[in-house]
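Structure file protein_28.tsv with TSV, C-alpha atoms and all ligand atoms:
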```tsv
chain	number	residue	atom	x	y	z
A	1412	MET	CA	125.65	90.56	134.84
A	1413	THR	CA	126.14	92.24	131.50
A	1414	ARG	CA	122.93	92.06	129.56
A	1415	SER	CA	121.99	93.25	126.10
A	1416	THR	CA	119.73	96.25	126.48
A	1417	SER	CA	119.21	96.82	122.75
A	1418	THR	CA	116.19	95.40	120.93
A	1419	ARG	CA	118.49	93.67	118.43
A	1420	PRO	CA	119.21	90.00	119.18
A	1421	PRO	CA	122.73	89.28	120.41
A	1422	PRO	CA	125.27	88.44	117.70
A	1423	ILE	CA	125.41	84.98	116.17
A	1424	MET	CA	128.24	82.67	117.21
A	1425	THR	CA	131.81	82.92	116.10
A	1426	ARG	CA	133.28	79.96	114.22
A	1427	ASP	CA	134.72	77.46	116.73
A	1428	LEU	CA	133.81	76.70	120.33
A	1429	LEU	CA	136.97	75.35	121.94
A	1430	ARG	CA	136.43	77.00	125.34
A	1431	VAL	CA	133.78	79.23	126.90
A	1432	ALA	CA	136.16	82.20	126.70
A	1433	ASP	CA	135.63	82.08	122.90
A	1434	LEU	CA	132.18	83.59	123.57
A	1435	SER	CA	130.98	87.02	124.61
A	1436	SER	CA	128.32	87.56	127.25
A	1437	SER	CA	125.73	88.44	124.61
A	1438	GLU	CA	126.58	85.34	122.59
A	1439	ILE	CA	126.00	83.21	125.69
A	1440	HIS	CA	122.67	84.90	126.39
A	1441	GLY	CA	121.77	84.43	122.72
A	1442	LEU	CA	122.43	80.70	123.06
A	1443	PHE	CA	120.27	80.51	126.20
A	1444	ALA	CA	117.44	82.29	124.38
A	1445	LEU	CA	117.62	79.98	121.37
A	1446	ALA	CA	117.98	76.85	123.52
A	1447	SER	CA	114.82	77.86	125.36
A	1448	ARG	CA	112.90	78.19	122.09
A	1449	LEU	CA	114.24	74.90	120.71
A	1450	LYS	CA	113.21	73.14	123.90
A	1451	ALA	CA	109.75	74.70	124.01
A	1452	ASN	CA	108.91	74.10	120.36
A	1453	PRO	CA	111.10	71.37	118.81
A	1454	GLY	CA	108.71	70.79	115.89
A	1455	ALA	CA	109.39	74.30	114.57
A	1456	PHE	CA	113.07	73.39	114.10
A	1457	ALA	CA	112.64	69.88	112.67
A	1458	SER	CA	114.36	70.83	109.39
A	1459	ALA	CA	116.59	73.64	110.68
A	1460	LEU	CA	119.71	71.59	109.83
A	1461	ALA	CA	118.37	69.51	106.90
A	1462	GLN	CA	121.19	68.63	104.47
A	1463	ARG	CA	123.77	69.48	107.16
A	1464	SER	CA	126.16	66.93	108.62
A	1465	LEU	CA	128.06	66.60	111.88
A	1466	VAL	CA	131.05	64.33	112.48
A	1467	LEU	CA	131.91	63.25	116.03
A	1468	LEU	CA	135.48	62.20	116.87
A	1469	PHE	CA	135.79	60.75	120.39
A	1470	GLU	CA	139.03	59.57	122.00
A	1471	LYS	CA	137.28	58.99	125.35
A	1472	PRO	CA	134.07	57.24	126.44
A	1473	SER	CA	130.79	59.15	126.59
A	1474	LEU	CA	127.10	58.69	127.22
A	1475	ARG	CA	125.54	62.17	127.51
A	1476	THR	CA	127.74	64.04	125.03
A	1477	ARG	CA	127.54	61.42	122.31
A	1478	VAL	CA	123.80	60.80	122.60
A	1479	SER	CA	122.87	64.47	122.98
A	1480	PHE	CA	124.91	65.46	119.92
A	1481	GLU	CA	123.70	62.52	117.81
A	1482	LEU	CA	119.98	62.59	118.65
A	1483	GLY	CA	119.97	66.36	118.95
A	1484	PHE	CA	121.38	66.88	115.46
A	1485	GLN	CA	118.99	64.29	113.99
A	1486	LYS	CA	116.03	66.08	115.61
A	1487	LEU	CA	117.05	69.15	113.58
A	1488	GLY	CA	117.01	67.13	110.34
A	1489	GLY	CA	120.77	66.64	110.01
A	1490	ALA	CA	122.97	63.56	109.54
A	1491	VAL	CA	125.61	62.42	112.03
A	1492	CYS	CA	128.72	60.25	111.63
A	1493	PHE	CA	130.45	58.94	114.77
A	1494	LEU	CA	134.12	57.90	114.61
A	1495	SER	CA	135.56	56.27	117.71
A	1496	HIS	CA	139.17	57.08	118.52
A	1497	GLU	CA	139.29	55.16	121.78
A	1498	GLY	CA	141.66	52.65	120.14
A	1499	THR	CA	143.59	54.86	117.72
A	1500	PRO	CA	144.28	58.44	118.85
A	1501	ILE	CA	143.43	61.30	116.49
A	1502	GLY	CA	146.49	61.98	114.36
A	1503	ALA	CA	147.92	58.43	114.60
A	1504	ARG	CA	146.74	57.10	111.21
A	1505	GLU	CA	147.27	60.32	109.32
A	1506	SER	CA	148.31	63.83	110.28
A	1507	VAL	CA	145.86	66.07	112.10
A	1508	HIS	CA	146.22	68.54	109.23
A	1509	ASP	CA	145.22	65.96	106.61
A	1510	TYR	CA	142.44	64.54	108.76
A	1511	ALA	CA	140.86	67.95	109.35
A	1512	GLY	CA	141.25	68.87	105.69
A	1513	ASN	CA	139.47	65.71	104.50
A	1514	LEU	CA	136.60	65.95	106.99
A	1515	SER	CA	136.08	69.61	106.09
A	1516	ARG	CA	135.15	68.49	102.53
A	1517	TRP	CA	132.24	66.32	103.78
A	1518	ALA	CA	131.05	67.64	107.12
A	1519	ASP	CA	129.54	71.00	108.08
A	1520	ALA	CA	130.80	70.80	111.68
A	1521	ILE	CA	133.01	68.52	113.78
A	1522	ALA	CA	132.65	67.84	117.51
A	1523	ILE	CA	135.75	66.41	119.17
A	1524	ARG	CA	136.33	64.75	122.56
A	1525	CYS	CA	140.07	64.42	123.03
A	1526	LYS	CA	142.81	63.86	125.53
A	1527	SER	CA	144.78	66.99	124.73
A	1528	HIS	CA	143.37	70.49	124.36
A	1529	ALA	CA	146.46	71.37	122.30
A	1530	LEU	CA	145.41	68.74	119.73
A	1531	LEU	CA	141.97	70.31	119.55
A	1532	GLU	CA	143.56	73.69	118.79
A	1533	ARG	CA	145.74	72.13	116.08
A	1534	PHE	CA	142.71	70.40	114.56
A	1535	ALA	CA	140.74	73.65	114.55
A	1536	ALA	CA	143.63	75.48	112.86
A	1537	SER	CA	143.49	73.00	109.95
A	1538	SER	CA	139.70	72.71	109.70
A	1539	HIS	CA	137.55	74.73	107.31
A	1540	VAL	CA	134.36	73.98	109.23
A	1541	PRO	CA	133.46	74.83	112.86
A	1542	ILE	CA	135.03	72.71	115.59
A	1543	VAL	CA	133.12	72.16	118.84
A	1544	ASN	CA	134.91	70.94	121.96
A	1545	ALA	CA	132.98	67.93	123.27
A	1546	LEU	CA	135.41	67.72	126.26
A	1547	SER	CA	139.16	68.02	126.46
A	1548	ASP	CA	141.49	67.57	129.39
A	1549	GLN	CA	141.18	71.31	130.10
A	1550	HIS	CA	137.68	72.41	129.09
A	1551	HIS	CA	134.09	71.19	128.72
A	1552	PRO	CA	132.30	74.26	127.34
A	1553	CYS	CA	129.04	72.61	126.22
A	1554	GLN	CA	128.61	71.23	129.74
A	1555	ALA	CA	129.16	74.57	131.48
A	1556	LEU	CA	126.87	76.47	129.10
A	1557	ALA	CA	124.09	73.90	129.52
A	1558	ASP	CA	124.57	74.06	133.31
A	1559	LEU	CA	124.17	77.83	133.49
A	1560	PHE	CA	121.19	77.61	131.13
A	1561	THR	CA	119.68	75.07	133.55
A	1562	LEU	CA	120.19	77.35	136.54
A	1563	VAL	CA	118.58	80.28	134.72
A	1564	GLU	CA	115.72	78.01	133.66
A	1565	HIS	CA	115.27	77.07	137.33
A	1566	GLY	CA	114.72	80.72	138.14
A	1567	HIS	CA	118.21	81.78	139.25
A	1568	ARG	CA	119.24	85.27	138.23
A	1569	VAL	CA	122.81	85.45	136.99
A	1570	GLU	CA	123.68	88.59	138.96
A	1571	SER	CA	122.68	87.02	142.29
A	1572	LEU	CA	123.91	83.51	141.50
A	1573	HIS	CA	126.47	81.97	143.86
A	1574	LEU	CA	127.85	78.72	142.48
A	1575	ALA	CA	129.98	76.72	144.93
A	1576	TRP	CA	132.24	74.22	143.18
A	1577	VAL	CA	133.36	71.50	145.61
A	1578	GLY	CA	136.19	69.13	144.63
A	1579	ASP	CA	138.71	68.88	141.82
A	1580	GLY	CA	139.41	72.11	139.89
A	1581	ASN	CA	139.12	70.20	136.62
A	1582	ASN	CA	137.94	70.74	133.02
A	1583	VAL	CA	134.25	71.23	133.97
A	1584	CYS	CA	135.24	73.61	136.76
A	1585	SER	CA	137.42	75.63	134.35
A	1586	SER	CA	134.59	76.02	131.86
A	1587	LEU	CA	132.18	77.11	134.61
A	1588	ILE	CA	134.76	79.66	135.80
A	1589	GLU	CA	135.02	81.07	132.27
A	1590	ALA	CA	131.23	81.17	131.92
A	1591	ILE	CA	130.62	82.99	135.23
A	1592	ALA	CA	133.54	85.33	134.52
A	1593	THR	CA	131.91	86.21	131.19
A	1594	ILE	CA	128.27	86.67	132.18
A	1595	GLY	CA	128.62	87.67	135.84
A	1596	GLY	CA	127.65	86.16	139.18
A	1597	ARG	CA	129.77	84.61	141.87
A	1598	MET	CA	131.72	81.36	141.96
A	1599	THR	CA	133.59	79.90	144.92
A	1600	ILE	CA	135.92	77.00	144.15
A	1601	ILE	CA	136.42	74.87	147.26
A	1602	SER	CA	139.22	72.36	146.79
A	1603	PRO	CA	142.52	71.24	148.33
A	1604	ARG	CA	145.29	73.57	147.12
A	1605	ALA	CA	146.91	70.81	145.07
A	1606	TYR	CA	143.74	70.45	143.00
A	1607	ALA	CA	142.75	74.11	142.65
A	1608	PRO	CA	142.00	75.38	139.12
A	1609	SER	CA	144.96	76.37	136.96
A	1610	GLN	CA	146.49	79.82	137.41
A	1611	GLU	CA	146.08	80.49	133.68
A	1612	ILE	CA	142.32	79.95	133.93
A	1613	LEU	CA	142.02	82.10	137.07
A	1614	ARG	CA	144.11	84.96	135.64
A	1615	ALA	CA	142.08	85.08	132.42
A	1616	ALA	CA	138.81	84.80	134.35
A	1617	ASN	CA	139.70	87.64	136.67
A	1618	ALA	CA	140.52	89.85	133.67
A	1619	ARG	CA	137.04	89.11	132.27
A	1620	ALA	CA	135.41	89.53	135.66
A	1621	HIS	CA	136.43	93.19	135.67
A	1622	ARG	CA	134.03	93.71	132.77
A	1623	SER	CA	131.17	91.44	133.93
A	1624	GLY	CA	131.30	92.19	137.65
A	1625	ALA	CA	131.80	88.47	138.42
A	1626	GLN	CA	133.53	87.35	141.61
A	1627	ILE	CA	135.72	84.25	141.44
A	1628	VAL	CA	137.24	83.04	144.71
A	1629	CYS	CA	139.29	79.92	145.59
A	1630	THR	CA	139.44	78.45	149.10
A	1631	GLU	CA	140.04	75.18	150.93
A	1632	ASP	CA	137.28	75.99	153.44
A	1633	LEU	CA	134.13	73.91	153.05
A	1634	GLY	CA	132.30	76.47	155.19
A	1635	ALA	CA	132.28	78.71	152.11
A	1636	VAL	CA	129.25	76.77	150.82
A	1637	ALA	CA	127.04	78.77	153.21
A	1638	GLY	CA	124.25	80.49	151.31
A	1639	ALA	CA	125.26	79.08	147.90
A	1640	SER	CA	122.58	78.94	145.19
A	1641	ALA	CA	124.05	75.63	144.04
A	1642	ILE	CA	126.77	73.17	144.99
A	1643	TYR	CA	128.41	71.51	142.00
A	1644	THR	CA	130.79	68.58	142.14
A	1645	ASP	CA	132.40	66.15	139.69
A	1646	VAL	CA	134.39	62.92	139.91
A	1647	CYS	CA	137.67	62.95	141.86
A	1648	VAL	CA	139.46	61.25	138.96
A	1649	SER	CA	138.77	62.43	135.43
A	1650	MET	CA	139.17	60.29	132.33
A	1651	GLY	CA	142.88	59.89	131.58
A	1652	GLU	CA	144.01	60.39	135.20
A	1653	GLU	CA	143.88	56.72	136.22
A	1654	ALA	CA	147.60	56.68	137.11
A	1655	ILE	CA	147.06	59.22	139.92
A	1656	ALA	CA	143.65	57.88	140.98
A	1657	ALA	CA	144.64	56.78	144.49
A	1658	GLU	CA	146.29	60.04	145.55
A	1659	LYS	CA	143.56	62.23	144.05
A	1660	THR	CA	140.77	60.23	145.63
A	1661	ALA	CA	142.48	60.39	149.03
A	1662	ALA	CA	142.97	64.17	148.78
A	1663	LEU	CA	139.41	64.82	147.61
A	1664	THR	CA	137.49	62.45	149.89
A	1665	PRO	CA	137.08	65.13	152.60
A	1666	TYR	CA	135.33	67.22	149.92
A	1667	ARG	CA	132.56	64.68	149.32
A	1668	VAL	CA	129.15	66.34	149.04
A	1669	ASP	CA	126.89	64.73	151.65
A	1670	GLY	CA	123.69	65.67	153.43
A	1671	ALA	CA	125.57	67.56	156.17
A	1672	LEU	CA	127.33	69.78	153.62
A	1673	MET	CA	124.05	70.49	151.82
A	1674	ARG	CA	122.45	71.48	155.13
A	1675	GLN	CA	125.44	73.71	155.87
A	1676	ALA	CA	124.84	75.43	152.53
A	1677	GLY	CA	121.21	76.17	153.32
A	1678	PRO	CA	117.65	75.03	152.64
A	1679	HIS	CA	117.46	76.49	149.12
A	1680	THR	CA	120.75	75.15	147.74
A	1681	THR	CA	120.51	73.10	144.56
A	1682	PHE	CA	122.81	70.13	143.84
A	1683	MET	CA	124.53	69.81	140.45
A	1684	HIS	CA	126.83	67.24	138.82
A	1685	CYS	CA	127.82	66.87	135.15
A	1686	LEU	CA	127.67	63.04	135.46
A	1687	PRO	CA	128.80	60.30	135.31
A	1688	ALA	CA	128.93	60.21	139.13
A	1689	ARG	CA	130.82	57.80	141.31
A	1690	ARG	CA	128.14	57.46	143.95
A	1691	GLY	CA	129.57	57.30	147.45
A	1692	GLU	CA	132.85	58.88	146.35
A	1693	GLU	CA	132.35	62.58	145.48
A	1694	VAL	CA	128.62	62.59	146.31
A	1695	THR	CA	126.32	60.45	148.44
A	1696	ASP	CA	123.14	58.77	147.16
A	1697	GLU	CA	121.17	60.85	149.65
A	1698	VAL	CA	122.24	64.07	147.88
A	1699	ILE	CA	122.21	63.05	144.22
A	1700	ASP	CA	118.77	61.44	144.59
A	1701	SER	CA	117.31	64.27	146.66
A	1702	PRO	CA	114.69	66.76	145.40
A	1703	THR	CA	117.37	69.46	145.37
A	1704	SER	CA	119.32	67.58	142.68
A	1705	ILE	CA	118.92	68.88	139.10
A	1706	VAL	CA	121.41	66.51	137.48
A	1707	LEU	CA	118.94	65.10	134.94
A	1708	ASP	CA	117.81	68.59	133.91
A	1709	GLN	CA	121.48	69.38	133.28
A	1710	ALA	CA	121.81	66.23	131.16
A	1711	GLU	CA	118.68	67.01	129.13
A	1712	ASN	CA	119.76	70.59	128.53
A	1713	ARG	CA	123.05	69.47	127.01
A	1714	MET	CA	121.01	68.62	123.91
A	1715	HIS	CA	119.03	71.88	123.77
A	1716	LEU	CA	122.06	74.07	124.34
A	1717	GLN	CA	124.21	72.18	121.80
A	1718	ASN	CA	121.39	72.36	119.28
A	1719	ALA	CA	121.20	76.12	119.80
A	1720	LEU	CA	124.93	76.30	119.21
A	1721	LEU	CA	124.79	74.20	116.02
A	1722	VAL	CA	121.83	76.13	114.57
A	1723	SER	CA	123.67	79.39	115.32
A	1724	LEU	CA	126.79	78.10	113.57
A	1725	LEU	CA	125.19	76.36	110.57
A	1726	ASN	CA	121.92	78.20	109.94
A	1727	PRO	CA	122.31	81.68	111.44
A	1728	GLU	CA	119.23	83.03	109.61
A	1729	VAL	CA	117.00	80.53	111.42
A	1730	ALA	CA	118.72	81.32	114.72
A	1731	LEU	CA	118.21	85.07	114.28
A	1732	ALA	CA	114.59	84.69	113.14
A	1733	ALA	CA	113.81	82.43	116.10
A	1734	ARG	CA	115.28	84.89	118.54
A	1735	ARG	CA	113.19	87.76	117.10
A	1736	GLU	CA	109.95	85.87	117.75
A	1737	PRO	CA	108.10	86.74	120.95
A	1738	SER	CA	108.46	84.18	123.70
A	1739	SER	CA	106.40	83.54	126.78
A	1740	HIS	CA	109.17	81.55	128.44
A	1741	SER	CA	110.33	82.51	131.90
A	1742	LEU	CA	113.82	83.39	130.63
A	1743	ARG	CA	112.21	86.43	129.02
A	1744	HIS	CA	111.46	87.84	132.45
A	1745	GLN	CA	115.11	87.56	133.37
A	1746	GLY	CA	116.34	89.66	130.48
A	1747	THR	CA	117.91	86.69	128.69
A	1748	LEU	CA	115.37	86.67	125.85
B	1801	LIG	N1	128.73	65.02	131.23
B	1801	LIG	C1	129.25	64.37	130.19
B	1801	LIG	O1	129.95	64.94	129.36
B	1801	LIG	O2	128.94	63.05	130.16
B	1801	LIG	P1	129.59	61.95	129.19
B	1801	LIG	O3	131.02	61.81	129.58
B	1801	LIG	O4	128.79	60.71	129.41
B	1801	LIG	O5	129.47	62.45	127.77
B	1802	LIG	N1	135.91	65.72	134.64
B	1802	LIG	C1	135.29	64.61	133.98
B	1802	LIG	C2	134.07	65.05	133.26
B	1802	LIG	C3	133.29	63.96	132.60
B	1802	LIG	C4	132.09	64.46	131.89
B	1802	LIG	C5	136.28	63.97	133.03
B	1802	LIG	O1	136.99	64.70	132.30
B	1802	LIG	O2	136.38	62.74	133.00
```

Write the structure described by the file as structure tokens, please.
Ligand code: CP
Ligand code: NVA
Amino acid sequence: MTRSTSTRPPPIMTRDLLRVADLSSSEIHGLFALASRLKANPGAFASALAQRSLVLLFEKPSLRTRVSFELGFQKLGGAVCFLSHEGTPIGARESVHDYAGNLSRWADAIAIRCKSHALLERFAASSHVPIVNALSDQHHPCQALADLFTLVEHGHRVESLHLAWVGDGNNVCSSLIEAIATIGGRMTIISPRAYAPSQEILRAANARAHRSGAQIVCTEDLGAVAGASAIYTDVCVSMGEEAIAAEKTAALTPYRVDGALMRQAGPHTTFMHCLPARRGEEVTDEVIDSPTSIVLDQAENRMHLQNALLVSLLNPEVALAARREPSSHSLRHQGTL
């Protein structure tokens, strides 16, 4: 784990968050520190984003991401405008360039859930306000950051963390790979070869891992869960992949997380899932409803982590001041605060 040893708070966020690799290790630790303070003392931040506005553009369905961005931003005193693009894709009615240019005149930030990561990059290139990736086909950075924050909050130390991803090497998996590669720890991706993470993601992660000391390994062997701090899985078929649903489900069914696999991992292994889950498909009821499951903590922390991100982007003075204040939270004892 690379950790800031100086007494100065880590730097405030860069402009867009399209993928976790846009962040440095100290920026990620800074977000964890601020998220912890926002969660512990929400009243102190009730007007942190007063007069600020956030627009959400979603081409795909959502529960957690939409609600956590909308209610989260309102809890900070800001205004939110949701535009559904489930019927009309972004860029169909007017060019992406014109759309981004118009929204930049009214909004202070834009969060986008879209089918194509390339579209997100084009949108960001034309926007004059920060763009936050609220899920693309390739990345889900807010999810992965909230997940690692949740593990740290549950007492896991990054340097001794072993995250076992079981199933499809998809967008959530890619963002977790980038996060571990950046801050350190160990991640084992256990999937059939056809659904392993992309080579581009693995190459970039391994380059980062040289600096952070992270270990990223891919295997088809389910036995690699042994001793894992956490097993994480996601749906076999992501949004937009309906045409290949049957073949993906068939290939990934042997990778279902059930009680036997959890026992193989060990008595202290936590279960994680970004949700929504297809119960009985990638995970059994027995596992997702067990005391080892932290899926609702993950869901709650989406809001706190995203709020930390938005305060860092839109009111950096408040973010810096908050991070200078003493904290009694347990993250402090792990060197994150
Ligand atoms: N985990 C997550 O992003 O959930 P939604 O698709 O419901 O937003
Ligand atoms: N991999 C899933 C994540 C949903 C939050 C999807 O893209 O549909």

For Thr1476 (chain A): contacts at 12 Å, only C-alpha atoms, fewer than 6 positions along chain excluded, given as a PyMOL selection string: chain A and resi 1467-1469+1482-1484+1493+1522-1524+1543-1546+1551-1554+1557+1685-1687+1709-1718

Contacts of region 1641-1644 of chain A at 9 Å (only C-alpha atoms; same-chain gap of 6+ positions) as a PyMOL selection string: chain A and resi 1562+1572-1579+1584+1667-1668+1673+1676+1679-1685+1693-1694

Hey, could you make a per-residue contact list for chain A against ligand LIG 1802 (chain B) with 6 Å as the cut-off, showing the nearest pair of atoms and its distance in Å to one decimal, counting only C-alpha atoms and all ligand atoms, sorted by chain and number, as a tab-separated table?
```
residue	atom	partner	partner_atom	distance
A:Asn1581	CA	B:LIG1802	N1	5.9
A:Asn1582	CA	B:LIG1802	N1	5.7
A:Val1583	CA	B:LIG1802	N1	5.8
A:Ser1649	CA	B:LIG1802	O2	3.4
A:Met1650	CA	B:LIG1802	O2	3.8
A:Cys1685	CA	B:LIG1802	C4	5.9
A:Leu1686	CA	B:LIG1802	C4	5.9
```

Pick from A:His1565, A:His1550, A:Lys1659, A:Lys1450, whichever lies nearest to Ile1705 (chain A) using all atoms listed in the file: A:His1565

A:Ala1719, A:Leu1530, A:Val1628, A:Val1646 ranked by distance to ligand LIG 1801 (chain B), top pick (using all atoms listed in the file):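 Of A:Ala1719, A:Leu1530, A:Val1628, A:Val1646, the one nearest ligand LIG 1801 (chain B) is A:Val1646, counting all atoms listed in the file.
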
Exercise: residues within 9 Å of coordinate (139.8, 77.9, 142.4), counting all atoms listed in the file, as a VMD selection string: chain A and resid 1576 1580 1584 to 1585 1588 1598 to 1602 1604 1606 to 1610 1613 1627 to 1631

File dump, residues just selected, C-alpha atoms, as a PDB file, in the coordinates of the input:
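What landed in again-v4.pdb:
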```pdb
ATOM      1  CA  TRP A1576     132.240  74.220 143.180  1.00  0.00           C
ATOM      2  CA  GLY A1580     139.410  72.110 139.890  1.00  0.00           C
ATOM      3  CA  CYS A1584     135.240  73.610 136.760  1.00  0.00           C
ATOM      4  CA  SER A1585     137.420  75.630 134.350  1.00  0.00           C
ATOM      5  CA  ILE A1588     134.760  79.660 135.800  1.00  0.00           C
ATOM      6  CA  MET A1598     131.720  81.360 141.960  1.00  0.00           C
ATOM      7  CA  THR A1599     133.590  79.900 144.920  1.00  0.00           C
ATOM      8  CA  ILE A1600     135.920  77.000 144.150  1.00  0.00           C
ATOM      9  CA  ILE A1601     136.420  74.870 147.260  1.00  0.00           C
ATOM     10  CA  SER A1602     139.220  72.360 146.790  1.00  0.00           C
ATOM     11  CA  ARG A1604     145.290  73.570 147.120  1.00  0.00           C
ATOM     12  CA  TYR A1606     143.740  70.450 143.000  1.00  0.00           C
ATOM     13  CA  ALA A1607     142.750  74.110 142.650  1.00  0.00           C
ATOM     14  CA  PRO A1608     142.000  75.380 139.120  1.00  0.00           C
ATOM     15  CA  SER A1609     144.960  76.370 136.960  1.00  0.00           C
ATOM     16  CA  GLN A1610     146.490  79.820 137.410  1.00  0.00           C
ATOM     17  CA  LEU A1613     142.020  82.100 137.070  1.00  0.00           C
ATOM     18  CA  ILE A1627     135.720  84.250 141.440  1.00  0.00           C
ATOM     19  CA  VAL A1628     137.240  83.040 144.710  1.00  0.00           C
ATOM     20  CA  CYS A1629     139.290  79.920 145.590  1.00  0.00           C
ATOM     21  CA  THR A1630     139.440  78.450 149.100  1.00  0.00           C
ATOM     22  CA  GLU A1631     140.040  75.180 150.930  1.00  0.00           C
TER      23      GLU A1631
END
```

Straight-line distance linking CA of Ile1439 (chain A) with CA of Ile1591 (chain A), stated in Å to one decimal: 10.6 Å

Axis-aligned box for all listed atoms of ligand LIG 1801 (chain B), 4 Å per side, centre and edges in Å to one decimal, as JSON:
```
{"center_x": 129.9, "center_y": 62.9, "center_z": 129.5, "size_x": 10.3, "size_y": 12.3, "size_z": 11.5}
```

Residue neighbourhood Gln1626 (chain A), 8 Å, only C-alpha atoms, exclusion window fewer than 3 positions, as a ChimeraX atom specification: /A:1592,1595-1598,1617,1620

A:Ser1479, A:Gly1566, A:Thr1695, A:Val1729 ranked by distance to Ser1458 (chain A), top pick (using all atoms listed in the file): A:Val1729

Among the residues A:Val1540, A:Leu1720, A:Val1648, A:Ala1625, the one that comes closest to Ala1662 (chain A) [using all atoms listed in the file]: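 The answer is A:Val1648, which sits nearest to Ala1662 (chain A).
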
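Among the candidates A:Asp1558, A:Glu1564, A:Glu1653, A:Glu1736, the one nearest to ligand LIG 1801 (chain B) when counting all atoms listed in the file is A:Asp1558.
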
Of the listed residues A:His1496, A:Ala1535, A:Arg1568, A:Val1706, that which approaches ligand LIG 1801 (chain B) most closely, counting only C-alpha atoms and all ligand atoms: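 Checking each of A:His1496, A:Ala1535, A:Arg1568, A:Val1706 against ligand LIG 1801 (chain B), counting only C-alpha atoms and all ligand atoms, the winner is A:Val1706.
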
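What separates CA of Ser1506 (chain A) from CA of Ile1542 (chain A) is a distance of 16.8 Å.
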
Computed interatomic separation between CA of Asp1519 (chain A) and CA of Ser1464 (chain A) (Å):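 Interatomic distance here is 5.3 Å.
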